[in-house]
2 protein chains.
Amino acid sequence: MTQPERQIMDFIEKHIQTQGYSPSVTEIMLGIGYKSRGSVHRYIDSLVRKGLLLRESGRNRGLTLPEKPKIPLLGRIAAGMPIEAIPESECVDFYEKLNCPGLYQLIVSGDSMIDAGICDGDSVLIQPAQSAPNGAIVVALIDGENATLKRIYQRDGRVTLKAENPAYEPQYYRPEQVQVQGVLFCLARFYR
Amino acid sequence: MTQPERQIMDFIEKHIQTQGYSPSVTEIMLGIGYKSRGSVHRYIDSLVRKGLLLRESGRNRGLTLPEKPKIPLLGRIAAGMPIEAIPESECVDFYEKLNCPGLYQLIVSGDSMIDAGICDGDSVLIQPAQSAPNGAIVVALIDGENATLKRIYQRDGRVTLKAENPAYEPQYYRPEQVQVQGVLFCLARFYR
DNA sequence: CTTGCCTGTTCTCGATTTGTTCTATATAGT
DNA sequence: ACTATATAGAACAAATCGAGAACAGGCAAG
C-alpha cells in the first residue's frame with residue numbers, strides 16, 4: 001500500500017467507524033486535501049484491485065471493508081465458573097500473529113511432550129533459530145541425524161534435552177552433538 | 001552477495017517492511033548514499049539475476065521480495081526420530097482454516113482439561129452451536145449461570161460433563177440444566 | 001412523474017517521477 | 001602505464017500523478 005493509498009484507507013476506515021457508512025469520493029477528496037475526484041477514484045480502484053477494499057458497484061457510498069479473520073476474545077472460562085467477560089471485546093488477529101517470517105509447521109508424532117500439553121498429531125509452528133534460551137522447547141537435531149522436539153537446557157558445558165513425559169529420561173549431550181533448528185512459536189490443534 | 005548488494009538488499013527489505021511497498025531507485029540511492037541512480041540500478045540487476053529479488057518490469061516501484069510461503073508443512077517430528085519429510089511442501093493456510101463465521105476465543109483458566117492437553121492460559125476457539133456429539137469438548141452453561149469447558153456425554157436421559165483431570169469427578173445433570181453454547185474448534189497456544 | 005444535486009466513473013492534459021541505458025570519470029590492482 | 005571495475009552524471013522513454021472536464025446513473029424533494 002503506497003502512502004496515498006494508506007491515507008485514503010485510513011480515512012475510509014475512520015469514516016465507516018464513526019458514521020457507520022462509506023464516505024463519498026468527494027468527501028475523501030476534501031478530507032485528504034485533493035482537488036480532483038479522479039485522482040481519489042484511481043487510488044480506490046487500486047485498493048479494490050488489491051482486495052484491500054470492497055465496492056458495491058452501482059451504489060453510492062458503496063465501499064466496505066473486507067472482513068479480516070478476527071476472532072473476538074470474549075473472556076475467560078474455567079471449571080465450574082461463569083465466563084468472566086473481558087470488558088472491551090478485544091479482537092485477536094491470528095493472521096497478524098502468525099505473520100512471522102520463516103515460520104514453518106511440523107506435526108507432532110508421539111507422546112514425549114504430553115505433560116507440556118503437546119499431544120500426538122498436534123501442529124507446532126516453529127520459528128527458525130540457531131540458539132534458544134534455557135527451558136525453551138526447541139526442534140533439535142542430534143548428531144546431524146535425528147530431529148526431535150524437546151525442552152532444552154544448556155549448562156555446565158553440556159546440553160540436556162528433556163522430554164515432558166515421566167516415561168522418558170532426560171538425554172545428555174556434548175554441545176557439538178546438538179544443533180538447534182528452531183524454537184517452538186505456537187501450538188495449534190484442530191478439532192473439527 | 002557482495003557488500004553493496006547486501007546493503008541495497010537490506011534497504012529494500014526494510015523499506016518494504018516499514019512502508020509496505022518497494023522503494024524507487026532514487027530513494028535507494030539517497031538512502032545508501034550514492035550519487036547516481038545508474039550504479040544502484042546495476043546492483044539491482046545483479047540481485048534480480050541471482051533470484052534474490054523480483055522485479056515487475058514496466059512498473060514503477062515494482063521490486064518485491066521472493067515470496068515466502070505461508071506456513072510450509074515440513075513433516076512429522078517425533079521423539080528420537082528424524083523428521084519424516086512430507087513429499088510436497090504442503091502449505092497450510094491458517095487464514096482459510098480459521099475463516100469460520102462466528103468463531104470466538106476464550107482463554108482457559110484452570111487445569112480441569114489438562115489431560116486433554118488444554119492448559120491454563122491457552123486460547124480456545126469456539127464454534128457456536130446448540131448441540132454437540134457425544135464426547136465432544138464444549139462450552140456448557142450450567143443452570144444458566146456457570147459456563148465451563150468440558151467433555152460432554154448425553155445418554156440415558158442425563159448429561160455428563162467430564163473434566164479431563166483425575167482430580168475432578170464427572171458431573172451429572174438433567175438435560176434441561178445444561179445448555180451447549182459452542183463446540184471446541186481449535187486450540188492455540190503462543191510461546192513467544 | 002420531473003427536476004436538480006450528488007455520486008461514480010471515465011477521459012485527457014501537463015508536470016513530475018521513475019526505470020533504463022549510455023558515456024565519461026575516478027579508483028584500485030597489476 | 002594499462003586494465004578492470006565502480007561511480008557519476010546525462011539523456012530518454014515510459015509510468016505515475018494530480019487537476020480538471022464531461023457524462024450517466026442514483027437519489028431525494030417537489
# chains A, B, ... in the order shown; residues from 1 in each chain; ligands from 1

$ calpha_fit_and_write --fixed "chain A" --moving "chain B" --output "tab-separated table (two decimals) with C-alpha atoms, in the first residue's frame"
chain	number	residue	atom	x	y	z
B	1	MET	CA	-26.31	2.70	5.70
B	2	THR	CA	-28.61	3.23	2.75
B	3	GLN	CA	-28.51	0.99	-0.29
B	4	PRO	CA	-26.31	3.24	-2.48
B	5	GLU	CA	-24.02	3.90	0.47
B	6	ARG	CA	-23.68	0.17	1.00
B	7	GLN	CA	-22.92	-0.27	-2.70
B	8	ILE	CA	-20.24	2.41	-2.68
B	9	MET	CA	-18.76	1.09	0.54
B	10	ASP	CA	-18.49	-2.39	-0.96
B	11	PHE	CA	-16.84	-1.01	-4.07
B	12	ILE	CA	-14.28	0.91	-2.03
B	13	GLU	CA	-13.52	-2.08	0.19
B	14	LYS	CA	-13.10	-4.35	-2.77
B	15	HIS	CA	-10.87	-1.87	-4.57
B	16	ILE	CA	-8.64	-1.35	-1.56
B	17	GLN	CA	-8.41	-5.08	-1.02
B	18	THR	CA	-7.56	-5.91	-4.62
B	19	GLN	CA	-5.56	-2.84	-5.66
B	20	GLY	CA	-4.14	-1.87	-2.33
B	21	TYR	CA	-5.16	1.76	-2.61
B	22	SER	CA	-8.26	3.91	-2.64
B	23	PRO	CA	-10.29	4.36	-5.82
B	24	SER	CA	-10.96	7.83	-7.19
B	25	VAL	CA	-14.45	9.27	-7.21
B	26	THR	CA	-14.55	8.84	-10.99
B	27	GLU	CA	-13.64	5.17	-10.71
B	28	ILE	CA	-16.37	4.61	-8.16
B	29	MET	CA	-18.80	6.41	-10.44
B	30	LEU	CA	-17.93	4.17	-13.37
B	31	GLY	CA	-17.83	1.07	-11.22
B	32	ILE	CA	-21.29	1.64	-9.76
B	33	GLY	CA	-22.82	3.06	-12.91
B	34	TYR	CA	-23.44	6.69	-12.02
B	35	LYS	CA	-22.93	9.41	-14.59
B	36	SER	CA	-21.88	12.12	-12.20
B	37	ARG	CA	-19.07	12.45	-9.72
B	38	GLY	CA	-21.12	14.86	-7.65
B	39	SER	CA	-23.57	12.21	-6.55
B	40	VAL	CA	-20.86	9.80	-5.54
B	41	HIS	CA	-19.13	12.55	-3.65
B	42	ARG	CA	-22.30	13.25	-1.69
B	43	TYR	CA	-22.53	9.65	-0.54
B	44	ILE	CA	-18.88	9.58	0.41
B	45	ASP	CA	-19.45	12.70	2.50
B	46	SER	CA	-22.26	10.92	4.28
B	47	LEU	CA	-20.14	7.83	4.95
B	48	VAL	CA	-17.29	9.95	6.28
B	49	ARG	CA	-19.67	11.84	8.56
B	50	LYS	CA	-20.90	8.54	9.96
B	51	GLY	CA	-17.33	7.43	10.61
B	52	LEU	CA	-17.66	4.45	8.32
B	53	LEU	CA	-14.96	5.81	6.06
B	54	LEU	CA	-11.91	7.94	6.62
B	55	ARG	CA	-10.69	10.64	4.27
B	56	GLU	CA	-7.26	12.20	4.16
B	57	SER	CA	-8.27	15.65	3.05
B	58	GLY	CA	-6.18	17.30	0.38
B	59	ARG	CA	-4.91	13.99	-0.93
B	60	ASN	CA	-6.07	12.25	-4.02
B	61	ARG	CA	-7.31	8.73	-3.52
B	62	GLY	CA	-7.21	9.42	0.16
B	63	LEU	CA	-10.03	7.16	1.30
B	64	THR	CA	-9.15	4.58	3.91
B	65	LEU	CA	-11.16	2.11	5.89
B	66	PRO	CA	-11.27	2.68	9.63
B	67	GLU	CA	-8.25	0.82	10.92
B	68	LYS	CA	-8.86	-2.57	12.32
B	69	PRO	CA	-6.61	-3.42	15.22
B	70	LYS	CA	-3.95	-6.01	14.73
B	71	ILE	CA	-5.24	-8.75	16.96
B	72	PRO	CA	-7.07	-7.43	19.98
B	73	LEU	CA	-6.64	-9.39	23.16
B	74	LEU	CA	-10.20	-9.56	24.43
B	75	GLY	CA	-9.93	-11.60	27.57
B	76	ARG	CA	-9.77	-15.03	29.04
B	77	ILE	CA	-12.06	-17.84	28.17
B	78	ALA	CA	-12.70	-20.86	30.28
B	79	ALA	CA	-14.85	-23.89	30.55
B	80	GLY	CA	-18.24	-22.81	31.77
B	81	MET	CA	-17.14	-19.32	32.67
B	82	PRO	CA	-17.92	-16.04	30.95
B	83	ILE	CA	-15.22	-14.19	29.12
B	84	GLU	CA	-13.37	-12.18	31.65
B	85	ALA	CA	-12.77	-8.96	29.84
B	86	ILE	CA	-9.33	-7.42	29.96
B	87	PRO	CA	-9.87	-3.73	30.69
B	88	GLU	CA	-7.90	-2.05	27.96
B	89	SER	CA	-8.22	-3.73	24.65
B	90	GLU	CA	-4.61	-4.70	24.49
B	91	CYS	CA	-3.29	-5.56	21.10
B	92	VAL	CA	-0.76	-8.24	20.47
B	93	ASP	CA	1.63	-7.53	17.68
B	94	PHE	CA	2.64	-10.95	16.46
B	95	TYR	CA	4.87	-9.27	13.93
B	96	GLU	CA	6.89	-7.90	16.80
B	97	LYS	CA	6.83	-11.09	18.81
B	98	LEU	CA	8.01	-13.26	15.95
B	99	ASN	CA	10.62	-10.80	14.78
B	100	CYS	CA	13.33	-12.82	16.42
B	101	PRO	CA	16.44	-13.26	14.29
B	102	GLY	CA	17.34	-16.78	13.27
B	103	LEU	CA	13.99	-18.28	14.08
B	104	TYR	CA	13.07	-21.25	11.96
B	105	GLN	CA	10.11	-23.52	11.69
B	106	LEU	CA	9.75	-27.28	11.93
B	107	ILE	CA	6.70	-29.41	11.50
B	108	VAL	CA	6.16	-31.91	14.25
B	109	SER	CA	5.82	-35.51	13.26
B	110	GLY	CA	4.61	-38.00	15.83
B	111	ASP	CA	3.00	-37.92	19.22
B	112	SER	CA	5.95	-38.07	21.55
B	113	MET	CA	5.25	-34.60	22.99
B	114	ILE	CA	1.50	-34.95	23.18
B	115	ASP	CA	1.30	-34.37	26.92
B	116	ALA	CA	3.04	-31.04	26.44
B	117	GLY	CA	0.26	-30.06	24.06
B	118	ILE	CA	2.43	-30.50	20.98
B	119	CYS	CA	0.62	-32.60	18.41
B	120	ASP	CA	1.39	-34.30	15.14
B	121	GLY	CA	1.42	-31.68	12.39
B	122	ASP	CA	1.97	-28.65	14.59
B	123	SER	CA	4.47	-26.00	13.65
B	124	VAL	CA	7.19	-25.29	16.15
B	125	LEU	CA	9.31	-22.18	15.89
B	126	ILE	CA	12.84	-22.81	17.05
B	127	GLN	CA	15.37	-20.32	18.26
B	128	PRO	CA	18.89	-21.49	17.47
B	129	ALA	CA	20.95	-22.15	20.59
B	130	GLN	CA	23.85	-24.31	21.72
B	131	SER	CA	22.56	-24.91	25.20
B	132	ALA	CA	19.34	-24.75	27.14
B	133	PRO	CA	18.21	-24.60	30.74
B	134	ASN	CA	17.03	-27.76	32.43
B	135	GLY	CA	13.45	-28.58	31.59
B	136	ALA	CA	13.37	-26.65	28.33
B	137	ILE	CA	12.02	-28.26	25.19
B	138	VAL	CA	14.78	-28.41	22.62
B	139	VAL	CA	15.75	-29.71	19.23
B	140	ALA	CA	18.52	-32.14	20.10
B	141	LEU	CA	20.84	-33.91	17.72
B	142	ILE	CA	21.78	-37.35	19.03
B	143	ASP	CA	25.08	-38.92	17.98
B	144	GLY	CA	25.20	-36.41	15.14
B	145	GLU	CA	22.47	-38.28	13.36
B	146	ASN	CA	19.03	-38.01	14.78
B	147	ALA	CA	17.26	-34.75	15.55
B	148	THR	CA	14.38	-34.87	17.94
B	149	LEU	CA	12.14	-32.56	19.91
B	150	LYS	CA	12.34	-33.39	23.59
B	151	ARG	CA	12.49	-31.94	27.05
B	152	ILE	CA	16.09	-31.82	28.23
B	153	TYR	CA	17.63	-32.31	31.66
B	154	GLN	CA	21.35	-32.15	32.31
B	155	ARG	CA	22.54	-33.40	35.68
B	156	ASP	CA	24.90	-35.83	37.34
B	157	GLY	CA	27.09	-35.75	34.25
B	158	ARG	CA	24.51	-37.18	31.95
B	159	VAL	CA	21.80	-35.84	29.68
B	160	THR	CA	18.20	-36.99	29.83
B	161	LEU	CA	15.87	-36.48	26.91
B	162	LYS	CA	12.33	-36.94	28.06
B	163	ALA	CA	9.32	-37.34	25.80
B	164	GLU	CA	5.98	-36.08	27.08
B	165	ASN	CA	4.15	-39.29	26.42
B	166	PRO	CA	3.95	-42.22	28.84
B	167	ALA	CA	4.46	-44.58	25.91
B	168	TYR	CA	8.03	-43.35	25.54
B	169	GLU	CA	10.74	-43.94	28.13
B	170	PRO	CA	13.23	-41.22	28.96
B	171	GLN	CA	16.52	-41.68	27.17
B	172	TYR	CA	19.87	-41.19	28.85
B	173	TYR	CA	23.01	-40.06	27.03
B	174	ARG	CA	26.53	-38.98	27.68
B	175	PRO	CA	26.88	-35.20	27.25
B	176	GLU	CA	29.06	-35.59	24.16
B	177	GLN	CA	26.33	-37.58	22.43
B	178	VAL	CA	23.75	-34.80	22.56
B	179	GLN	CA	24.02	-31.52	20.76
B	180	VAL	CA	21.38	-28.84	21.36
B	181	GLN	CA	20.40	-27.19	18.10
B	182	GLY	CA	17.70	-24.87	19.30
B	183	VAL	CA	15.13	-24.08	21.93
B	184	LEU	CA	11.38	-24.18	21.43
B	185	PHE	CA	10.26	-20.59	21.04
B	186	CYS	CA	6.68	-20.80	19.94
B	187	LEU	CA	4.06	-23.31	18.98
B	188	ALA	CA	1.61	-22.49	16.22
B	189	ARG	CA	-1.26	-24.58	15.01
B	190	PHE	CA	-3.56	-23.48	12.20
B	191	TYR	CA	-7.09	-24.79	12.02
B	192	ARG	CA	-8.37	-23.06	8.91

$ interface_residues --of "chain C" --to "chain B" --cutoff "9 Å" --atoms "only C-alpha atoms (C1' of nucleotides)" --output "mmCIF file with N, CA and C atoms (P, O5', C5', C4', C3', O3' and C1' of nucleotides), in the first residue's frame"
data_model
loop_
_atom_site.group_PDB
_atom_site.id
_atom_site.type_symbol
_atom_site.label_atom_id
_atom_site.label_comp_id
_atom_site.auth_asym_id
_atom_site.auth_seq_id
_atom_site.Cartn_x
_atom_site.Cartn_y
_atom_site.Cartn_z
ATOM 1 P P DT C 18 9.833 8.698 -7.508
ATOM 2 O "O5'" DT C 18 10.149 7.694 -8.694
ATOM 3 C "C5'" DT C 18 9.088 6.965 -9.305
ATOM 4 C "C4'" DT C 18 9.612 6.185 -10.490
ATOM 5 C "C3'" DT C 18 10.939 5.476 -10.257
ATOM 6 O "O3'" DT C 18 10.719 4.088 -10.166
ATOM 7 C "C1'" DT C 18 10.826 6.501 -12.412
ATOM 8 P P DG C 19 11.959 3.089 -10.036
ATOM 9 O "O5'" DG C 19 12.236 2.673 -11.540
ATOM 10 C "C5'" DG C 19 11.223 1.986 -12.252
ATOM 11 C "C4'" DG C 19 11.710 1.593 -13.637
ATOM 12 C "C3'" DG C 19 12.964 0.734 -13.662
ATOM 13 O "O3'" DG C 19 12.824 -0.249 -14.686
ATOM 14 C "C1'" DG C 19 13.368 2.746 -14.854
ATOM 15 P P DT C 20 13.983 -1.335 -14.884
ATOM 16 O "O5'" DT C 20 14.881 -0.665 -15.987
ATOM 17 C "C5'" DT C 20 14.279 -0.268 -17.220
ATOM 18 C "C4'" DT C 20 15.268 0.483 -18.074
ATOM 19 C "C3'" DT C 20 16.662 -0.143 -18.160
ATOM 20 O "O3'" DT C 20 16.808 -0.750 -19.435
ATOM 21 C "C1'" DT C 20 16.737 2.240 -18.007
ATOM 22 P P DT C 21 18.164 -1.565 -19.754
ATOM 23 O "O5'" DT C 21 19.022 -0.480 -20.541
ATOM 24 C "C5'" DT C 21 18.401 0.305 -21.562
ATOM 25 C "C4'" DT C 21 19.348 1.415 -22.010
ATOM 26 C "C3'" DT C 21 20.793 0.967 -22.228
ATOM 27 O "O3'" DT C 21 21.188 1.292 -23.561
ATOM 28 C "C1'" DT C 21 20.713 2.943 -20.932
#

$ interface_residues --of "chain D" --to "chain B" --cutoff "12 Å" --atoms "only C-alpha atoms (C1' of nucleotides)" --output "ChimeraX atom specification"
/D:5-10,13-16

$ select_by_dssp --residues "chain A" --states "strand (DSSP E or B)" --output "ChimeraX atom specification"
/A:54-55,63-64,70-78,81-85,91-93,104-109,123-128,137-142,146-155,158-162,171-173,178-190

$ residues_around --residues "segment 27-30 of chain D" --least-positions-apart "2" --cutoff "12 Å" --atoms "only C-alpha atoms (C1' of nucleotides)" --output "MDAnalysis selection string"
(chainID A and resid 59:61) or (chainID C and resid 1:7) or (chainID D and resid 25)

$ select_by_dssp --residues "chain A" --states "alpha helix (DSSP H)" --output "PyMOL selection string"
chain A and resi 3-19+25-32+37-49+94-97

$ atom_distance --atom1 "atom C1' of DA11 of chain D" --atom2 "atom C1' of DC13 of chain C"
23.9 Å
